[in-house]
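Asker: Shown below is the structure under consideration.
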Amino acid sequence: MTEIWHAFTKAIELIISLDPEVMEIAGRSLRISGTSCFLASLICLPLGSLIYSHHFRGKRVLINIIQTLFSMPTVLVGLLVFVLFSRAGPLGFFGILLTPTAMVIGQMILITPLLLGLTISALSGVSKETVDTATSLGASGFQTVWLVLREARYAVLAAVIMGFGRAISEVGCAMMVGGNIRGFTRVITTTISMETSKGDFELAMALGIILLFLALIINIVLNRLQQR
Amino acid sequence: MMKPLSSIIEVVDLSHSYGERKVLQDLNLGIGKGEVFALIGPTGAGKTTLLRIIDLLEVPGAGEIYFDGKCLPRSGKQRLEIRRRMSFIHQKPQVFNLSVYDNVACGLRWRGEGKNRIAEKVDHILEMVGLEGYKNRNARTLSGGEAQRVALARSLVLEPEVLLLDEPTANLDPVSTAKIEQLISYVARQHNTTMIIATHDMSQGQQLADRIGVLLDGRLVQTGNVTDIFRSPQNEQVAHFVGMENIIEGVISASNEGIVMVNIGGNAIQAVSNHPAGKEVYACIRPEDITLALSRTQSSARNSFQAKVTRVTSFGPLSRVEINCGFRLVALVTKISAEELNLQVGREVYATFKATGVHVMERKTS
Ligand SMILES: Nc1ncnc2c1ncn2[C@@H]1O[C@H](COP(=O)(O)OP(=O)(O)OP(=O)(O)O)[C@@H](O)[C@H]1O
Ligand SMILES: [Mg+2]
């Protein structure tokens, strides 16, 4: 027990003193997950709008599949990316396995269903009356979707933040395709995992606290958004 | 009847169903350029559906609509072009979650209008609807009446050729209602905008419209000018709907040179009509056309009956007096006269009304 308490006080010290290693790892986590979330949003927001605004056969089924993939296991995504980008794999020539790029790609795949699904449901949350009103005022199809996106902006932003939360807190994929290389692909979650297995709790706890803190901020922002 | 010189909207044999339910049936209607047309009908009659079809939000099940001489296409880019010449203020006004200014500006932006022109027009229209101080307010924080005015401004700023209004004053208090009605008739006069106003408020139709169409159960039962509809409803349903409270069954006992005697259970009413003797009819009298007095007075009115008051109810400045003169009649008098005549249950009065105040319509025995 005293050992844990000792580790905890040490962890707080590391954070308060802005320990370079802690800051470096936390910063990399934010960068990688931020990038993957940003890029995934660039794809998912337009794609989600497209799916929302078009009626086609199998739309319901597609949305069901997307929703099922919300809880896609991270290791499965890791496996997929690993197989694709390994030396012998079809995309092996890129040589990006065990780099931050591979981690970004993995996280993008991981959160795409979530972003896509939540974007579609955010847009669907805008009332039919609002859509009709825009149409009546002379909006073209594209202009209507743009207005609906703006109407649903808080819900869409909430979707993006949820995606970011999932990206930064996952460990399976980051470990498998990033390899937890010190100073290169080591992020918060992979560090916690490794340090814990070494029995070295100080760094793990410090990073754990930071992760919790991030989760807290995300939650507060989400709550604010949902109240708008 | 005055036929509009050139119709901007011509509805031909229009029918529409939602699933099994026939909502509109065989509608034919022409709306003239610059005409203000009121579409009145009870809830569920299909008013909104008709307006939605005219605004190309819905494709009709059968029939055609011509806009400015051209048949509305069922799909394609032209629909947007035509829709942009109209503006539709929906029944439940939806303001966008944007500032009042952006709400009013969006239609102009969608039409590619320049920034300065937009600012000019929006400012002008906001002033007109009395919302000039609200520019930067989020429209979602407005009251119902204010939101309705934003919706109106948002449509008016587009200077549409045709303005469709769906119950523009439902759920508003009398003051806001009056303001909006004023604005509508101002625009109709100033810009010569063609308007179709759906309403279930008869007096609103009466006030604003050049012509009225009565929609009952998806059928356009009667169209005509205000007096036509209110004085001479075509059938019992319309009569009920336009507030004709006295609809009395009778048979024509004599008919001579446009004057008929209608026999109502032994009493005879004189009326102006051309129906032949023997015809089964309804005699309709608007309650406000009946005069009550304490003694039989000499007057030009052809009908006078001794009666007993059976019930008095008052609302606002008016009293609704039910009387029995061998048949039941309802009269509408001001509260002051009701008090002066001391109208109470059991009181003997004389009910008088003119032969021209009686509308006779054929009773279809089915
Ligand atoms: N999208 C829809 N799907 C199915 N039925 C509908 C739909 N829209 C309207 N209806 C039905 O069509 C009928 C006519 O509706 P509509 O809204 O046109 O009536 P309205 O005259 O505007 O009534 P109100 O005065 O209450 O607004 C109603 O019975 C309604 O239930
Ligand atoms: Mg309606």
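Labeling convention for the structure tokens: chains A, B, ... as they appear, residues from 1 per chain, ligands from 1 in order of appearance.
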Define the interface residues of chain A facing chain B as those within 6 Å, counting only C-alpha atoms, and report them as a PyMOL selection string.

Answerer: chain A and resi 130+136-139+151

Asker: Now that the selection is made, can you save its residues with C-alpha atoms as a PDB file, in the first residue's frame?

Answerer:
```pdb
ATOM      1  CA  THR A 130     -36.302  22.867 -40.614  1.00  0.00           C
ATOM      2  CA  SER A 136     -38.947  26.556 -49.281  1.00  0.00           C
ATOM      3  CA  LEU A 137     -36.611  29.506 -48.915  1.00  0.00           C
ATOM      4  CA  GLY A 138     -34.864  28.380 -52.059  1.00  0.00           C
ATOM      5  CA  ALA A 139     -31.900  26.372 -50.799  1.00  0.00           C
ATOM      6  CA  GLU A 151     -27.964  23.517 -37.302  1.00  0.00           C
TER       7      GLU A 151
END
```

Asker: For ligand 1, return the neighbouring residues as a ChimeraX atom specification (distance at most 8 Å; only C-alpha atoms and all ligand atoms).

Answerer: /B:17-19,21-24,41-50,91,166-167,198-200,215,218

Asker: Generate a file of the selected residues that holds N, CA, C and O atoms, formatted as a CSV table (one decimal), in the first residue's frame.

Answerer:
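Contents of selection.csv, freshly written:
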```
chain,number,residue,atom,x,y,z
B,17,SER,N,-52.7,11.4,-52.2
B,17,SER,CA,-53.0,10.5,-51.1
B,17,SER,C,-51.7,10.3,-50.3
B,17,SER,O,-50.6,10.4,-50.8
B,18,TYR,N,-51.9,10.1,-49.0
B,18,TYR,CA,-50.9,9.6,-48.1
B,18,TYR,C,-51.2,8.1,-47.8
B,18,TYR,O,-52.2,7.9,-47.0
B,19,GLY,N,-50.5,7.2,-48.4
B,19,GLY,CA,-50.9,5.8,-48.2
B,19,GLY,C,-52.3,5.6,-48.8
B,19,GLY,O,-52.6,5.9,-49.9
B,21,ARG,N,-55.0,7.0,-47.5
B,21,ARG,CA,-55.8,8.1,-47.2
B,21,ARG,C,-55.8,9.2,-48.3
B,21,ARG,O,-54.7,9.7,-48.7
B,22,LYS,N,-56.9,9.4,-48.9
B,22,LYS,CA,-57.0,10.5,-49.9
B,22,LYS,C,-57.1,11.8,-49.2
B,22,LYS,O,-58.1,12.1,-48.5
B,23,VAL,N,-56.1,12.6,-49.4
B,23,VAL,CA,-56.1,13.9,-48.7
B,23,VAL,C,-56.6,15.0,-49.6
B,23,VAL,O,-57.2,16.0,-49.1
B,24,LEU,N,-56.4,15.0,-50.9
B,24,LEU,CA,-56.9,16.0,-51.8
B,24,LEU,C,-57.6,15.2,-53.0
B,24,LEU,O,-57.0,14.3,-53.5
B,41,GLY,N,-60.7,26.1,-44.2
B,41,GLY,CA,-61.1,24.7,-44.0
B,41,GLY,C,-60.8,24.2,-42.6
B,41,GLY,O,-59.8,24.7,-42.0
B,42,PRO,N,-61.5,23.3,-42.1
B,42,PRO,CA,-61.2,22.8,-40.7
B,42,PRO,C,-59.9,22.0,-40.7
B,42,PRO,O,-59.3,21.7,-41.7
B,43,THR,N,-59.5,21.7,-39.5
B,43,THR,CA,-58.2,20.9,-39.4
B,43,THR,C,-58.3,19.6,-40.1
B,43,THR,O,-59.3,18.9,-40.1
B,44,GLY,N,-57.2,19.3,-40.8
B,44,GLY,CA,-57.2,18.0,-41.5
B,44,GLY,C,-57.8,18.0,-42.9
B,44,GLY,O,-57.9,17.0,-43.6
B,45,ALA,N,-58.2,19.2,-43.3
B,45,ALA,CA,-58.9,19.3,-44.6
B,45,ALA,C,-57.9,19.2,-45.8
B,45,ALA,O,-58.4,18.8,-46.9
B,46,GLY,N,-56.7,19.4,-45.5
B,46,GLY,CA,-55.7,19.3,-46.6
B,46,GLY,C,-55.1,20.6,-47.1
B,46,GLY,O,-54.4,20.6,-48.1
B,47,LYS,N,-55.2,21.6,-46.3
B,47,LYS,CA,-54.7,23.0,-46.6
B,47,LYS,C,-53.2,22.9,-46.8
B,47,LYS,O,-52.6,23.3,-47.8
B,48,THR,N,-52.5,22.4,-45.7
B,48,THR,CA,-51.1,22.4,-45.8
B,48,THR,C,-50.6,21.5,-46.9
B,48,THR,O,-49.6,21.9,-47.6
B,49,THR,N,-51.3,20.4,-47.1
B,49,THR,CA,-50.8,19.5,-48.2
B,49,THR,C,-50.9,20.2,-49.5
B,49,THR,O,-49.9,20.1,-50.3
B,50,LEU,N,-52.0,21.0,-49.8
B,50,LEU,CA,-52.1,21.7,-51.1
B,50,LEU,C,-50.9,22.7,-51.2
B,50,LEU,O,-50.3,22.8,-52.2
B,91,GLN,N,-46.5,26.4,-41.3
B,91,GLN,CA,-47.5,26.4,-40.2
B,91,GLN,C,-46.8,26.6,-38.9
B,91,GLN,O,-47.2,27.4,-38.1
B,166,ASP,N,-49.2,29.6,-44.4
B,166,ASP,CA,-50.0,28.5,-43.7
B,166,ASP,C,-50.3,28.9,-42.3
B,166,ASP,O,-49.4,28.9,-41.4
B,167,GLU,N,-51.5,29.3,-42.0
B,167,GLU,CA,-51.9,29.7,-40.7
B,167,GLU,C,-50.9,30.7,-40.1
B,167,GLU,O,-50.3,30.4,-39.0
B,198,ALA,N,-53.6,30.0,-46.0
B,198,ALA,CA,-54.4,28.9,-45.4
B,198,ALA,C,-54.8,29.3,-44.0
B,198,ALA,O,-53.9,29.7,-43.3
B,199,THR,N,-56.0,29.1,-43.7
B,199,THR,CA,-56.4,29.5,-42.3
B,199,THR,C,-57.7,28.8,-42.0
B,199,THR,O,-58.5,28.4,-42.8
B,200,HIS,N,-57.9,28.5,-40.7
B,200,HIS,CA,-59.2,28.1,-40.3
B,200,HIS,C,-60.0,29.2,-39.6
B,200,HIS,O,-61.1,28.9,-39.1
B,215,LEU,N,-62.2,24.5,-48.3
B,215,LEU,CA,-61.7,23.1,-48.5
B,215,LEU,C,-62.2,22.2,-47.4
B,215,LEU,O,-62.0,22.5,-46.2
B,218,GLY,N,-60.6,17.5,-48.2
B,218,GLY,CA,-59.8,17.3,-49.4
B,218,GLY,C,-60.5,17.8,-50.7
B,218,GLY,O,-60.0,17.6,-51.8
```

Asker: Just the residues within 9 Å of stretch 286-291 of chain B, please, counting only C-alpha atoms, with nothing from its chain fewer than 5 positions along; format it as a PDB file with N, CA, C and O atoms, in the first residue's frame.

Answerer:
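Now in selection.pdb:
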```
ATOM      1  N   PHE B 230     -69.994  33.859 -47.519  1.00  0.00           N
ATOM      2  CA  PHE B 230     -70.611  34.070 -46.221  1.00  0.00           C
ATOM      3  C   PHE B 230     -72.118  34.205 -46.288  1.00  0.00           C
ATOM      4  O   PHE B 230     -72.830  33.840 -45.370  1.00  0.00           O
ATOM      5  N   ARG B 231     -72.606  34.745 -47.413  1.00  0.00           N
ATOM      6  CA  ARG B 231     -74.050  34.924 -47.546  1.00  0.00           C
ATOM      7  C   ARG B 231     -74.710  33.713 -48.199  1.00  0.00           C
ATOM      8  O   ARG B 231     -75.826  33.368 -47.860  1.00  0.00           O
ATOM      9  N   GLY B 243     -69.983  29.727 -40.175  1.00  0.00           N
ATOM     10  CA  GLY B 243     -70.607  30.339 -39.008  1.00  0.00           C
ATOM     11  C   GLY B 243     -72.060  30.700 -39.204  1.00  0.00           C
ATOM     12  O   GLY B 243     -72.610  31.567 -38.540  1.00  0.00           O
ATOM     13  N   MET B 244     -72.688  30.030 -40.150  1.00  0.00           N
ATOM     14  CA  MET B 244     -74.112  30.228 -40.360  1.00  0.00           C
ATOM     15  C   MET B 244     -74.810  29.399 -39.291  1.00  0.00           C
ATOM     16  O   MET B 244     -74.979  28.195 -39.428  1.00  0.00           O
ATOM     17  N   GLU B 245     -75.229  30.057 -38.213  1.00  0.00           N
ATOM     18  CA  GLU B 245     -75.714  29.246 -37.103  1.00  0.00           C
ATOM     19  C   GLU B 245     -77.136  28.759 -37.287  1.00  0.00           C
ATOM     20  O   GLU B 245     -77.522  27.724 -36.766  1.00  0.00           O
ATOM     21  N   ASN B 246     -77.921  29.528 -38.020  1.00  0.00           N
ATOM     22  CA  ASN B 246     -79.302  29.113 -38.215  1.00  0.00           C
ATOM     23  C   ASN B 246     -79.455  28.429 -39.566  1.00  0.00           C
ATOM     24  O   ASN B 246     -79.427  29.075 -40.609  1.00  0.00           O
ATOM     25  N   ILE B 247     -79.521  27.125 -39.527  1.00  0.00           N
ATOM     26  CA  ILE B 247     -79.731  26.352 -40.748  1.00  0.00           C
ATOM     27  C   ILE B 247     -81.001  25.541 -40.512  1.00  0.00           C
ATOM     28  O   ILE B 247     -80.984  24.565 -39.763  1.00  0.00           O
ATOM     29  N   ARG B 320     -75.190  36.023 -27.228  1.00  0.00           N
ATOM     30  CA  ARG B 320     -75.786  35.077 -28.152  1.00  0.00           C
ATOM     31  C   ARG B 320     -77.114  34.654 -27.534  1.00  0.00           C
ATOM     32  O   ARG B 320     -77.153  34.094 -26.447  1.00  0.00           O
ATOM     33  N   VAL B 321     -78.198  34.976 -28.214  1.00  0.00           N
ATOM     34  CA  VAL B 321     -79.524  34.743 -27.648  1.00  0.00           C
ATOM     35  C   VAL B 321     -80.236  33.657 -28.443  1.00  0.00           C
ATOM     36  O   VAL B 321     -80.436  33.780 -29.649  1.00  0.00           O
ATOM     37  N   LEU B 329     -84.058  29.679 -33.234  1.00  0.00           N
ATOM     38  CA  LEU B 329     -83.207  30.667 -33.899  1.00  0.00           C
ATOM     39  C   LEU B 329     -82.132  31.137 -32.931  1.00  0.00           C
ATOM     40  O   LEU B 329     -82.351  31.168 -31.717  1.00  0.00           O
ATOM     41  N   VAL B 330     -80.996  31.506 -33.479  1.00  0.00           N
ATOM     42  CA  VAL B 330     -79.947  32.111 -32.664  1.00  0.00           C
ATOM     43  C   VAL B 330     -79.718  33.517 -33.180  1.00  0.00           C
ATOM     44  O   VAL B 330     -79.566  33.719 -34.386  1.00  0.00           O
ATOM     45  N   ALA B 331     -79.731  34.469 -32.261  1.00  0.00           N
ATOM     46  CA  ALA B 331     -79.481  35.851 -32.659  1.00  0.00           C
ATOM     47  C   ALA B 331     -78.254  36.366 -31.925  1.00  0.00           C
ATOM     48  O   ALA B 331     -77.941  35.922 -30.821  1.00  0.00           O
ATOM     49  N   LEU B 332     -77.562  37.287 -32.572  1.00  0.00           N
ATOM     50  CA  LEU B 332     -76.375  37.862 -31.964  1.00  0.00           C
ATOM     51  C   LEU B 332     -76.641  39.346 -31.754  1.00  0.00           C
ATOM     52  O   LEU B 332     -76.922  40.072 -32.708  1.00  0.00           O
ATOM     53  N   VAL B 333     -76.604  39.790 -30.499  1.00  0.00           N
ATOM     54  CA  VAL B 333     -76.819  41.217 -30.241  1.00  0.00           C
ATOM     55  C   VAL B 333     -75.707  41.706 -29.322  1.00  0.00           C
ATOM     56  O   VAL B 333     -74.999  40.916 -28.719  1.00  0.00           O
ATOM     57  N   TYR B 350     -89.741  39.973 -30.090  1.00  0.00           N
ATOM     58  CA  TYR B 350     -90.067  39.823 -31.504  1.00  0.00           C
ATOM     59  C   TYR B 350     -88.755  39.745 -32.274  1.00  0.00           C
ATOM     60  O   TYR B 350     -87.876  40.587 -32.099  1.00  0.00           O
ATOM     61  N   ALA B 351     -88.645  38.699 -33.077  1.00  0.00           N
ATOM     62  CA  ALA B 351     -87.445  38.530 -33.894  1.00  0.00           C
ATOM     63  C   ALA B 351     -87.775  38.939 -35.311  1.00  0.00           C
ATOM     64  O   ALA B 351     -88.766  38.495 -35.885  1.00  0.00           O
ATOM     65  N   THR B 352     -86.922  39.812 -35.861  1.00  0.00           N
ATOM     66  CA  THR B 352     -87.186  40.346 -37.202  1.00  0.00           C
ATOM     67  C   THR B 352     -85.961  40.161 -38.086  1.00  0.00           C
ATOM     68  O   THR B 352     -84.836  40.349 -37.634  1.00  0.00           O
ATOM     69  N   PHE B 353     -86.192  39.744 -39.305  1.00  0.00           N
ATOM     70  CA  PHE B 353     -85.084  39.706 -40.274  1.00  0.00           C
ATOM     71  C   PHE B 353     -85.630  39.868 -41.681  1.00  0.00           C
ATOM     72  O   PHE B 353     -86.767  39.565 -41.974  1.00  0.00           O
ATOM     73  N   LYS B 354     -84.732  40.392 -42.565  1.00  0.00           N
ATOM     74  CA  LYS B 354     -85.159  40.712 -43.921  1.00  0.00           C
ATOM     75  C   LYS B 354     -85.231  39.467 -44.796  1.00  0.00           C
ATOM     76  O   LYS B 354     -84.539  38.480 -44.540  1.00  0.00           O
ATOM     77  N   GLY B 357     -81.983  38.631 -46.060  1.00  0.00           N
ATOM     78  CA  GLY B 357     -81.035  38.059 -45.096  1.00  0.00           C
ATOM     79  C   GLY B 357     -81.138  36.556 -44.999  1.00  0.00           C
ATOM     80  O   GLY B 357     -80.395  35.927 -44.260  1.00  0.00           O
ATOM     81  N   VAL B 358     -82.081  35.990 -45.726  1.00  0.00           N
ATOM     82  CA  VAL B 358     -82.255  34.534 -45.680  1.00  0.00           C
ATOM     83  C   VAL B 358     -81.644  33.929 -46.933  1.00  0.00           C
ATOM     84  O   VAL B 358     -81.950  34.332 -48.056  1.00  0.00           O
ATOM     85  N   HIS B 359     -80.744  32.999 -46.717  1.00  0.00           N
ATOM     86  CA  HIS B 359     -80.157  32.302 -47.846  1.00  0.00           C
ATOM     87  C   HIS B 359     -80.801  30.917 -47.953  1.00  0.00           C
ATOM     88  O   HIS B 359     -80.803  30.148 -46.998  1.00  0.00           O
TER      89      HIS B 359
END
```

Asker: Quick one, how far is atom CA of A:Leu76 from atom CA of A:Ala174?

Answerer: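 About the pair atom CA of A:Leu76 and atom CA of A:Ala174: they are 11.5 Å apart.
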
Asker: Report, in Å with one decimal, the straight-line distance from atom CA of B:Leu72 to atom CA of A:Thr135.

Answerer: 16.3 Å

Asker: Give me, as a list in words, all polymer residues having an atom no more than 7 Å from B:Glu348, counting only C-alpha atoms and skipping those fewer than 2 positions away in the same chain.

Answerer: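 Answer for this query is Ala307, Lys308, Val309 and Gly346 of chain B.
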
Asker: So, counting only C-alpha atoms, which residue among B:Glu132, B:Asp123, B:Glu20, B:Glu10 is closest to B:Gly61?

Answerer: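 Using only C-alpha atoms, the shortest distance to B:Gly61 belongs to B:Glu20.
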
Asker: Neighbours of A:Leu225 within 9 Å (only C-alpha atoms; same-chain residues fewer than 3 positions away dropped), as a list in words?

Answerer: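 Listed by chain and then number, they are Tyr154, Ala155, Leu157, Ala158, Ile220, Val221, Leu222 and Arg228 of chain A.
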
Asker: Tell me which protein, DNA and RNA residues are within 9 Å of A:Leu118, counting only C-alpha atoms, leaving out same-chain ones fewer than 5 positions away, and put them as a list in words.

Answerer: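 Result of the neighbour search: Gly48, Gln67, Pro113, Leu123, Ala155, Val156, Ala158, Ala159 and Val160 of chain A.
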
Asker: For C-alpha atoms, I'd like the residues from the last selection saved as a compact mmCIF listing (two decimals), in the first residue's frame.

Answerer:
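In the end it all went to result.txt:
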```txt
# COMPACT_ATOMS: atom_id res chain seq x y z
CA GLY A 48 -21.94 11.36 -43.34
CA GLN A 67 -23.29 1.40 -35.68
CA PRO A 113 -17.56 4.27 -37.88
CA LEU A 123 -27.90 15.50 -38.90
CA ALA A 155 -24.00 17.53 -32.01
CA VAL A 156 -21.45 17.15 -34.81
CA ALA A 158 -19.74 16.28 -29.89
CA ALA A 159 -19.26 13.42 -32.35
CA VAL A 160 -15.77 14.65 -33.20
```

Asker: Could you check which of B:Gly278, B:Pro60, B:Pro233, B:Pro168 is closest to ligand 2, using only C-alpha atoms and all ligand atoms?

Answerer: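 Under the stated criterion, the closest residue is B:Pro168.
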
Asker: Which polymer residues have any atom within 10 Å of an atom of B:Glu64, counting only C-alpha atoms, with same-chain residues fewer than 4 positions away left out, as a VMD selection string?

Answerer: chain B and resid 10 to 15 27 to 28 54 59 to 60 71 to 74

Asker: From the list B:Gly69, B:Leu165, B:Leu142, B:Arg189, which residue is nearest ligand 2 when using only C-alpha atoms and all ligand atoms?

Answerer: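 Looking at the shortest contact to ligand 2, the residue is B:Leu165.
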
Asker: Just list the residues in stretch 64-225 of chain A DSSP gives helix (DSSP H, G or I) on the backbone, as a VMD selection string.

Answerer: chain A and resid 64 to 71 74 to 85 92 to 94 100 to 124 128 to 136 141 to 151 153 to 169 172 to 178 188 to 198 201 to 225

Asker: Measuring between only C-alpha atoms, which one of A:Gly178, A:Gly208, A:Pro100, A:Gly163 shows the shortest distance to A:Ser71?

Answerer: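 Smallest separation from A:Ser71 among the options: A:Gly163.
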
Asker: Could you check how far atom CA of B:Cys284 sits from atom CA of B:Val360, in Å to one decimal?

Answerer: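 Value for the atom CA of B:Cys284-atom CA of B:Val360 distance: 6.2 Å.
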
Asker: Any chance you could list, as a VMD selection string, the residues in stretch 80-126 of chain B that come up strand (DSSP E or B) when DSSP is run on the backbone?

Answerer: chain B and resid 86 to 89 99

Asker: Would you save the residues of that selection, restricted to N, CA and C atoms, as a tab-separated table (two decimals), in the first residue's frame?

Answerer:
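Generated file (again32.tsv):
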```tsv
chain	number	residue	atom	x	y	z
B	86	MET	N	-41.17	31.67	-55.41
B	86	MET	CA	-42.21	31.68	-54.38
B	86	MET	C	-41.55	31.71	-53.00
B	87	SER	N	-42.39	31.88	-52.00
B	87	SER	CA	-41.89	31.70	-50.65
B	87	SER	C	-43.04	31.18	-49.80
B	88	PHE	N	-42.72	30.25	-48.94
B	88	PHE	CA	-43.74	29.53	-48.19
B	88	PHE	C	-43.46	29.70	-46.70
B	89	ILE	N	-44.39	30.31	-46.00
B	89	ILE	CA	-44.23	30.42	-44.55
B	89	ILE	C	-45.01	29.29	-43.91
B	99	SER	N	-28.28	33.79	-35.88
B	99	SER	CA	-28.76	35.11	-35.47
B	99	SER	C	-29.98	35.48	-36.32
```
